[in-house]
Amino acid sequence: MNCGVIGAGRVGMMHIRNIITIPEVNILGVAELFIDHVKDELHELGITNTYKDYHELLEDKDIEAVFVFTSTDSHEEIVTAAAKAGKHIFCEKPLSMDVNEEASLNLLRAVKENGVKLQIGFNRRIDRQFRDVFEKVRAGKIGDPQIVKITSRDPDLLPHDLIKRIGGLLFDFTMHDFDMARYMMDSNVTEVYAKGGTLIDPTLQEINDVDTIAIVLQFENGTFGLIDNSRRAVYGYDQRVEVFGSEGMLKAENVNNSTVEYYSKEDTSLKKPLPIFTERYREAYIAEMRFFIDALLNDGPLLATGEDVIMAQRVAVAAQKSLETGLPVKVDTTLPKI
């Protein structure tokens, strides 16, 4: 599959290094606004066709699919252009920060009208730990699932200018958890109640963001979810999921560099969690790319669709309203009309 990449910043370069390990993918070109900063590194990886303007990459008739790794505020424009150019698309979440949803729906209409496939970057769906929990829940190992608990805590704060471009805690960070909760419980969220604040960086109030949040979800099937997020976990990248059911519980703990635990008369110790998402989810990032390419080559299902990201975005919008009002907020569970 001949592919192009749009966006080669810090995260984009990580993805590019992962993609080139997939034998079925041939990267024909990379577009990046600041291409001069990464051109030498791309050449070292064997990628010689580089562009500053992504439109030039889309004009390449040999490119069948594109990976979009730009900031959220550019997704609507780029994905729409890629769809109109007839390219299949892998795009990081979310599609848009438009609280009215219309921008995302217009984007999905362009995808449908041009007959291309779109997969969303909800990589945690295929993480080995979480996928194992998901499959065991679906197999009935814990009876009827009743409560899902998700903990996601970043190792440190992000710069304010970056936060404004990617959507803040709810739209950038918690978006993964909203999707994971819906995925695990196999049900749409009907109501969200969020409480948050700036316990780490009070200056985040200047950009209408929070660094610490606790969220209660209710699902269409009557079950519940609990999510807690923090911008700073001093001990590493904290990622845990638990599903409690009528016949038991399934839990995925943090991943670390070693399973060795030390015990003595005075103390016990174990390794801290992996320090950052690039290490914790490296296998999942590669797996989601493989899933996308397989869907294109063999006309298989997509790991996460445009409809999936719309449902997660709706929860994020409702959570933001809940933060502002201090009240629970209902979530529309009707499928979007595309």
# chains A, B, ... in the order shown; residues from 1 in each chain; ligands from 1

call {"tool": "residues_around", "arguments": {"residues": "A:Asp62", "least_positions_apart": "6", "cutoff": "9 Å", "atoms": "only C-alpha atoms", "output": "PDB file with C-alpha atoms, in the first residue's frame"}}
result
ATOM      1  CA  ASN A   2       1.544   3.303  -1.128  1.00  0.00           C
ATOM      2  CA  CYS A   3       0.971   5.911   1.576  1.00  0.00           C
ATOM      3  CA  LEU A  28       5.999   7.740  -0.805  1.00  0.00           C
TER       4      LEU A  28
END

call {"tool": "residues_around", "arguments": {"residues": "stretch 269-284 of chain A", "least_positions_apart": "4", "cutoff": "7 Å", "atoms": "only C-alpha atoms", "output": "JSON list (two decimals) with C-alpha atoms, in the first residue's frame"}}
result
[["chain", "number", "residue", "atom", "x", "y", "z"],
["A", 123, "ASN", "CA", -4.98, 3.06, 19.69],
["A", 124, "ARG", "CA", -5.90, 1.91, 23.19],
["A", 126, "ILE", "CA", -5.87, -2.62, 20.45],
["A", 127, "ASP", "CA", -3.39, -2.34, 23.30],
["A", 155, "PRO", "CA", 3.76, 12.38, 33.55],
["A", 235, "TYR", "CA", 5.94, 8.33, 39.25],
["A", 236, "GLY", "CA", 5.33, 7.84, 35.50],
["A", 237, "TYR", "CA", 2.61, 7.36, 32.89],
["A", 238, "ASP", "CA", -0.35, 5.93, 34.83],
["A", 254, "ASN", "CA", 0.30, -0.28, 34.56],
["A", 255, "VAL", "CA", 3.06, -1.57, 32.32],
["A", 256, "ASN", "CA", 6.66, -1.14, 33.48],
["A", 257, "ASN", "CA", 10.15, -2.07, 32.31],
["A", 258, "SER", "CA", 10.49, -5.05, 34.60],
["A", 260, "VAL", "CA", 10.87, -8.04, 39.11],
["A", 261, "GLU", "CA", 9.74, -7.04, 42.61],
["A", 262, "TYR", "CA", 12.18, -6.79, 45.53],
["A", 263, "TYR", "CA", 11.18, -7.91, 49.04],
["A", 288, "GLU", "CA", -3.58, 0.09, 14.86]]

call {"tool": "atom_distance", "arguments": {"atom1": "atom CA of A:Asp156", "atom2": "atom CA of A:Ser230"}}
result
8.9 Å

call {"tool": "residues_around", "arguments": {"residues": "A:Thr72", "least_positions_apart": "5", "cutoff": "7 Å", "atoms": "only C-alpha atoms", "output": "number ranges by chain"}}
result
A: 94-96, 165-166

call {"tool": "select_by_dssp", "arguments": {"residues": "stretch 108-249 of chain A", "states": "strand (DSSP E)", "output": "compact mmCIF listing (two decimals) with N, CA, C and O atoms, in the first residue's frame"}}
result
# COMPACT_ATOMS: atom_id res chain seq x y z
N LEU A 118 -12.02 5.76 6.52
CA LEU A 118 -11.43 6.61 7.55
C LEU A 118 -11.35 5.83 8.86
O LEU A 118 -12.36 5.36 9.37
N GLN A 119 -10.13 5.67 9.37
CA GLN A 119 -9.94 5.06 10.70
C GLN A 119 -9.42 6.13 11.65
O GLN A 119 -8.54 6.91 11.32
N ILE A 120 -9.98 6.12 12.87
CA ILE A 120 -9.59 7.08 13.91
C ILE A 120 -8.55 6.45 14.84
O ILE A 120 -8.59 5.27 15.15
N PRO A 145 -21.28 -6.86 32.76
CA PRO A 145 -20.46 -5.73 33.24
C PRO A 145 -21.36 -4.65 33.85
O PRO A 145 -22.42 -4.33 33.30
N GLN A 146 -20.90 -4.09 34.97
CA GLN A 146 -21.71 -3.11 35.69
C GLN A 146 -21.01 -1.76 35.89
O GLN A 146 -21.64 -0.71 35.85
N ILE A 147 -19.68 -1.80 36.10
CA ILE A 147 -18.92 -0.58 36.33
C ILE A 147 -17.59 -0.68 35.60
O ILE A 147 -16.90 -1.70 35.69
N VAL A 148 -17.22 0.38 34.89
CA VAL A 148 -15.88 0.48 34.32
C VAL A 148 -15.16 1.64 35.00
O VAL A 148 -15.74 2.72 35.20
N LYS A 149 -13.92 1.41 35.41
CA LYS A 149 -13.11 2.44 36.06
C LYS A 149 -11.84 2.64 35.25
O LYS A 149 -11.14 1.67 34.94
N ILE A 150 -11.56 3.87 34.90
CA ILE A 150 -10.39 4.19 34.07
C ILE A 150 -9.57 5.28 34.74
O ILE A 150 -10.10 6.33 35.11
N THR A 151 -8.27 5.02 34.87
CA THR A 151 -7.33 6.01 35.37
C THR A 151 -6.34 6.35 34.27
O THR A 151 -5.71 5.44 33.70
N SER A 152 -6.21 7.64 33.96
CA SER A 152 -5.22 8.11 32.99
C SER A 152 -4.55 9.34 33.56
O SER A 152 -5.22 10.35 33.79
N ARG A 153 -3.24 9.25 33.77
CA ARG A 153 -2.50 10.37 34.35
C ARG A 153 -1.20 10.55 33.58
O ARG A 153 -0.41 9.62 33.47
N VAL A 189 -22.81 6.46 26.11
CA VAL A 189 -22.96 7.27 27.32
C VAL A 189 -24.20 8.14 27.18
O VAL A 189 -24.39 8.82 26.18
N THR A 190 -25.06 8.12 28.22
CA THR A 190 -26.28 8.93 28.20
C THR A 190 -26.18 10.16 29.10
O THR A 190 -26.94 11.12 28.92
N GLU A 191 -25.26 10.14 30.07
CA GLU A 191 -25.13 11.27 30.98
C GLU A 191 -23.72 11.33 31.54
O GLU A 191 -23.09 10.29 31.77
N VAL A 192 -23.23 12.55 31.75
CA VAL A 192 -21.89 12.73 32.29
C VAL A 192 -21.92 13.82 33.37
O VAL A 192 -22.61 14.83 33.22
N TYR A 193 -21.18 13.57 34.43
CA TYR A 193 -21.04 14.54 35.52
C TYR A 193 -19.55 14.69 35.81
O TYR A 193 -18.89 13.71 36.15
N ALA A 194 -19.03 15.90 35.62
CA ALA A 194 -17.58 16.12 35.75
C ALA A 194 -17.28 17.21 36.76
O ALA A 194 -17.96 18.23 36.82
N LYS A 195 -16.26 16.96 37.56
CA LYS A 195 -15.73 17.96 38.49
C LYS A 195 -14.23 18.06 38.24
O LYS A 195 -13.53 17.05 38.21
N GLY A 196 -13.74 19.29 38.05
CA GLY A 196 -12.32 19.45 37.77
C GLY A 196 -11.79 20.75 38.29
O GLY A 196 -12.55 21.65 38.70
N GLY A 197 -10.48 20.86 38.31
CA GLY A 197 -9.85 22.07 38.79
C GLY A 197 -8.39 22.14 38.39
O GLY A 197 -7.87 21.24 37.72
N THR A 212 -6.82 18.48 36.60
CA THR A 212 -7.26 17.36 37.43
C THR A 212 -8.78 17.24 37.29
O THR A 212 -9.50 18.23 37.39
N ILE A 213 -9.25 16.01 37.02
CA ILE A 213 -10.68 15.86 36.77
C ILE A 213 -11.17 14.49 37.24
O ILE A 213 -10.43 13.49 37.18
N ALA A 214 -12.40 14.46 37.74
CA ALA A 214 -13.08 13.22 38.11
C ALA A 214 -14.44 13.21 37.43
O ALA A 214 -15.16 14.22 37.46
N ILE A 215 -14.79 12.10 36.79
CA ILE A 215 -15.99 12.05 35.94
C ILE A 215 -16.80 10.80 36.25
O ILE A 215 -16.25 9.70 36.41
N VAL A 216 -18.12 10.97 36.32
CA VAL A 216 -19.05 9.85 36.45
C VAL A 216 -19.87 9.76 35.17
O VAL A 216 -20.40 10.77 34.69
N LEU A 217 -19.95 8.55 34.62
CA LEU A 217 -20.71 8.31 33.40
C LEU A 217 -21.88 7.37 33.68
O LEU A 217 -21.77 6.48 34.52
N GLN A 218 -22.97 7.58 32.97
CA GLN A 218 -24.04 6.58 32.94
C GLN A 218 -24.24 6.16 31.50
O GLN A 218 -24.21 7.00 30.58
N PHE A 219 -24.45 4.85 31.30
CA PHE A 219 -24.57 4.30 29.96
C PHE A 219 -26.02 3.95 29.62
O PHE A 219 -26.86 3.80 30.51
N PHE A 224 -22.45 1.97 34.74
CA PHE A 224 -21.78 3.21 35.15
C PHE A 224 -20.28 3.18 34.83
O PHE A 224 -19.68 2.11 34.69
N GLY A 225 -19.70 4.38 34.74
CA GLY A 225 -18.28 4.52 34.53
C GLY A 225 -17.69 5.58 35.43
O GLY A 225 -18.36 6.57 35.77
N LEU A 226 -16.43 5.39 35.82
CA LEU A 226 -15.69 6.35 36.63
C LEU A 226 -14.35 6.60 35.97
O LEU A 226 -13.63 5.66 35.64
N ILE A 227 -14.04 7.87 35.75
CA ILE A 227 -12.78 8.25 35.11
C ILE A 227 -12.07 9.28 35.99
O ILE A 227 -12.71 10.22 36.47
N ASP A 228 -10.77 9.09 36.21
CA ASP A 228 -9.99 10.15 36.84
C ASP A 228 -8.75 10.43 36.00
O ASP A 228 -8.11 9.52 35.50
N ASN A 229 -8.47 11.72 35.84
CA ASN A 229 -7.33 12.17 35.03
C ASN A 229 -6.51 13.20 35.80
O ASN A 229 -7.05 13.97 36.58
N SER A 230 -5.20 13.18 35.53
CA SER A 230 -4.31 14.21 36.06
C SER A 230 -3.25 14.53 35.02
O SER A 230 -2.83 13.65 34.27
N ASP A 238 0.58 6.79 34.09
CA ASP A 238 -0.35 5.93 34.83
C ASP A 238 -1.57 5.61 33.98
O ASP A 238 -2.38 6.48 33.69
N GLN A 239 -1.70 4.34 33.57
CA GLN A 239 -2.77 3.90 32.66
C GLN A 239 -3.38 2.59 33.16
O GLN A 239 -2.76 1.54 33.04
N ARG A 240 -4.60 2.67 33.70
CA ARG A 240 -5.22 1.47 34.25
C ARG A 240 -6.70 1.41 33.86
O ARG A 240 -7.36 2.44 33.75
N VAL A 241 -7.20 0.19 33.69
CA VAL A 241 -8.61 -0.04 33.36
C VAL A 241 -9.12 -1.21 34.19
O VAL A 241 -8.43 -2.23 34.33
N GLU A 242 -10.32 -1.04 34.72
CA GLU A 242 -10.97 -2.11 35.48
C GLU A 242 -12.43 -2.21 35.06
O GLU A 242 -13.10 -1.19 34.89
N VAL A 243 -12.90 -3.44 34.84
CA VAL A 243 -14.31 -3.67 34.56
C VAL A 243 -14.84 -4.65 35.60
O VAL A 243 -14.34 -5.76 35.74
N PHE A 244 -15.86 -4.20 36.33
CA PHE A 244 -16.49 -5.00 37.39
C PHE A 244 -17.83 -5.51 36.89
O PHE A 244 -18.60 -4.78 36.26
N GLY A 245 -18.11 -6.81 37.15
CA GLY A 245 -19.36 -7.39 36.68
C GLY A 245 -20.03 -8.27 37.70
O GLY A 245 -19.54 -8.44 38.82
N GLY A 248 -17.61 -11.23 38.57
CA GLY A 248 -16.18 -11.06 38.80
C GLY A 248 -15.68 -9.72 38.32
O GLY A 248 -16.45 -8.79 38.06
N MET A 249 -14.36 -9.61 38.17
CA MET A 249 -13.73 -8.36 37.79
C MET A 249 -12.53 -8.64 36.89
O MET A 249 -11.84 -9.65 37.06

call {"tool": "select_by_dssp", "arguments": {"residues": "stretch 156-319 of chain A", "states": "alpha helix (DSSP H)", "output": "PyMOL selection string"}}
result
chain A and resi 160-166+168+175-185+277-280+282-298+306-319

call {"tool": "closest_residue", "arguments": {"among": "A:Asn18, A:Thr80, A:Gln129, A:Gln313", "to": "A:Met175", "atoms": "only C-alpha atoms"}}
result
A:Gln313

call {"tool": "residues_around", "arguments": {"residues": "A:Asp201", "least_positions_apart": "6", "cutoff": "10 Å", "atoms": "only C-alpha atoms", "output": "list in words"}}
result
Leu157, Asp209, Val210, Asp211, Thr212, Arg231 and Arg232 of chain A

call {"tool": "write_last_selection", "arguments": {"atoms": "N, CA and C atoms", "output": "compact mmCIF listing (two decimals), in the first residue's frame"}}
result
# COMPACT_ATOMS: atom_id res chain seq x y z
N LEU A 157 2.99 18.36 32.64
CA LEU A 157 2.18 19.37 31.97
C LEU A 157 2.62 19.60 30.53
N ASP A 209 -8.89 25.68 30.89
CA ASP A 209 -8.58 24.25 30.98
C ASP A 209 -8.37 23.86 32.44
N VAL A 210 -8.34 22.56 32.70
CA VAL A 210 -8.09 22.03 34.03
C VAL A 210 -6.96 21.01 33.94
N ASP A 211 -6.38 20.67 35.08
CA ASP A 211 -5.32 19.66 35.09
C ASP A 211 -5.68 18.43 35.89
N THR A 212 -6.82 18.48 36.60
CA THR A 212 -7.26 17.36 37.43
C THR A 212 -8.78 17.24 37.29
N ARG A 231 -2.82 15.77 35.01
CA ARG A 231 -1.76 16.19 34.10
C ARG A 231 -0.37 15.82 34.62
N ARG A 232 -0.25 15.48 35.91
CA ARG A 232 1.09 15.18 36.43
C ARG A 232 1.05 14.03 37.43

call {"tool": "decode", "arguments": {"residues": "stretch 75-110 of chain A", "atoms": "N, CA, C and O atoms", "output": "short mmCIF file (atom, residue, chain, number, x, y, z; two decimals), in the first residue's frame"}}
result
data_model
loop_
_atom_site.label_atom_id
_atom_site.label_comp_id
_atom_site.auth_asym_id
_atom_site.auth_seq_id
_atom_site.Cartn_x
_atom_site.Cartn_y
_atom_site.Cartn_z
N HIS A 75 -7.40 19.12 11.58
CA HIS A 75 -7.93 17.85 11.09
C HIS A 75 -9.07 18.03 10.09
O HIS A 75 -9.12 17.34 9.05
N GLU A 76 -9.99 18.93 10.39
CA GLU A 76 -11.15 19.12 9.52
C GLU A 76 -10.71 19.46 8.09
O GLU A 76 -11.15 18.83 7.12
N GLU A 77 -9.83 20.43 7.97
CA GLU A 77 -9.37 20.87 6.65
C GLU A 77 -8.62 19.77 5.91
O GLU A 77 -8.88 19.49 4.73
N ILE A 78 -7.68 19.14 6.59
CA ILE A 78 -6.80 18.16 5.93
C ILE A 78 -7.55 16.89 5.56
O ILE A 78 -7.41 16.38 4.44
N VAL A 79 -8.36 16.37 6.47
CA VAL A 79 -9.09 15.12 6.18
C VAL A 79 -10.09 15.35 5.05
O VAL A 79 -10.26 14.48 4.18
N THR A 80 -10.75 16.48 5.04
CA THR A 80 -11.69 16.78 3.97
C THR A 80 -10.97 16.84 2.62
O THR A 80 -11.44 16.28 1.62
N ALA A 81 -9.82 17.50 2.59
CA ALA A 81 -9.04 17.59 1.35
C ALA A 81 -8.57 16.21 0.91
O ALA A 81 -8.59 15.89 -0.29
N ALA A 82 -8.14 15.38 1.84
CA ALA A 82 -7.68 14.03 1.51
C ALA A 82 -8.81 13.18 0.94
O ALA A 82 -8.62 12.43 -0.02
N ALA A 83 -9.99 13.30 1.53
CA ALA A 83 -11.14 12.55 1.04
C ALA A 83 -11.49 12.97 -0.38
O ALA A 83 -11.74 12.13 -1.26
N LYS A 84 -11.48 14.28 -0.63
CA LYS A 84 -11.80 14.78 -1.97
C LYS A 84 -10.74 14.37 -3.00
O LYS A 84 -11.02 14.29 -4.19
N ALA A 85 -9.52 14.11 -2.50
CA ALA A 85 -8.45 13.64 -3.39
C ALA A 85 -8.51 12.12 -3.59
O ALA A 85 -7.67 11.56 -4.31
N GLY A 86 -9.49 11.47 -2.96
CA GLY A 86 -9.67 10.03 -3.14
C GLY A 86 -8.71 9.16 -2.35
O GLY A 86 -8.49 8.00 -2.69
N LYS A 87 -8.16 9.70 -1.26
CA LYS A 87 -7.22 8.94 -0.44
C LYS A 87 -7.94 8.35 0.78
O LYS A 87 -8.74 9.03 1.42
N HIS A 88 -7.63 7.11 1.10
CA HIS A 88 -8.07 6.55 2.37
C HIS A 88 -7.30 7.27 3.49
O HIS A 88 -6.17 7.73 3.28
N ILE A 89 -7.91 7.33 4.68
CA ILE A 89 -7.35 8.21 5.71
C ILE A 89 -7.28 7.53 7.07
O ILE A 89 -8.26 6.95 7.54
N PHE A 90 -6.12 7.67 7.69
CA PHE A 90 -5.98 7.39 9.12
C PHE A 90 -5.75 8.74 9.79
O PHE A 90 -4.84 9.48 9.40
N CYS A 91 -6.56 9.06 10.80
CA CYS A 91 -6.43 10.36 11.45
C CYS A 91 -6.46 10.21 12.96
O CYS A 91 -7.27 9.45 13.51
N GLU A 92 -5.60 10.95 13.63
CA GLU A 92 -5.64 10.97 15.09
C GLU A 92 -6.94 11.60 15.58
O GLU A 92 -7.56 12.40 14.87
N LYS A 93 -7.36 11.25 16.78
CA LYS A 93 -8.56 11.83 17.37
C LYS A 93 -8.23 13.20 17.96
O LYS A 93 -7.05 13.51 18.17
N PRO A 94 -9.24 14.04 18.21
CA PRO A 94 -10.59 13.98 17.63
C PRO A 94 -10.57 14.56 16.22
O PRO A 94 -9.54 15.02 15.74
N LEU A 95 -11.74 14.55 15.59
CA LEU A 95 -11.82 15.12 14.24
C LEU A 95 -11.91 16.63 14.29
O LEU A 95 -11.44 17.32 13.39
N SER A 96 -12.54 17.15 15.34
CA SER A 96 -12.76 18.58 15.42
C SER A 96 -13.00 18.97 16.87
O SER A 96 -13.39 18.13 17.70
N MET A 97 -12.80 20.24 17.19
CA MET A 97 -13.13 20.78 18.50
C MET A 97 -14.42 21.60 18.44
O MET A 97 -14.76 22.33 19.36
N ASP A 98 -15.17 21.45 17.34
CA ASP A 98 -16.42 22.17 17.15
C ASP A 98 -17.49 21.58 18.07
O ASP A 98 -17.90 20.43 17.91
N VAL A 99 -17.97 22.37 19.04
CA VAL A 99 -18.94 21.86 20.01
C VAL A 99 -20.30 21.60 19.37
O VAL A 99 -21.13 20.88 19.93
N ASN A 100 -20.53 22.15 18.18
CA ASN A 100 -21.81 21.95 17.50
C ASN A 100 -21.81 20.72 16.59
O ASN A 100 -22.83 20.42 15.98
N GLU A 101 -20.68 20.06 16.46
CA GLU A 101 -20.57 18.78 15.74
C GLU A 101 -20.63 18.91 14.23
O GLU A 101 -20.29 17.97 13.52
N GLU A 102 -21.05 20.04 13.72
CA GLU A 102 -21.28 20.16 12.29
C GLU A 102 -20.00 19.99 11.49
O GLU A 102 -20.00 19.40 10.39
N ALA A 103 -18.88 20.50 12.01
CA ALA A 103 -17.61 20.37 11.28
C ALA A 103 -17.24 18.91 11.10
O ALA A 103 -16.83 18.48 10.01
N SER A 104 -17.40 18.12 12.16
CA SER A 104 -17.08 16.69 12.07
C SER A 104 -18.02 15.98 11.11
O SER A 104 -17.60 15.10 10.34
N LEU A 105 -19.29 16.32 11.14
CA LEU A 105 -20.26 15.68 10.26
C LEU A 105 -19.98 16.01 8.79
O LEU A 105 -20.09 15.15 7.92
N ASN A 106 -19.62 17.25 8.53
CA ASN A 106 -19.26 17.63 7.15
C ASN A 106 -18.06 16.84 6.67
O ASN A 106 -17.98 16.42 5.51
N LEU A 107 -17.10 16.64 7.56
CA LEU A 107 -15.91 15.86 7.25
C LEU A 107 -16.29 14.42 6.90
O LEU A 107 -15.82 13.86 5.91
N LEU A 108 -17.16 13.83 7.72
CA LEU A 108 -17.57 12.44 7.48
C LEU A 108 -18.39 12.32 6.20
O LEU A 108 -18.31 11.30 5.51
N ARG A 109 -19.14 13.35 5.88
CA ARG A 109 -19.90 13.34 4.61
C ARG A 109 -18.94 13.34 3.43
O ARG A 109 -19.18 12.65 2.43
N ALA A 110 -17.86 14.10 3.53
CA ALA A 110 -16.87 14.12 2.45
C ALA A 110 -16.23 12.75 2.28
O ALA A 110 -15.98 12.30 1.15
#
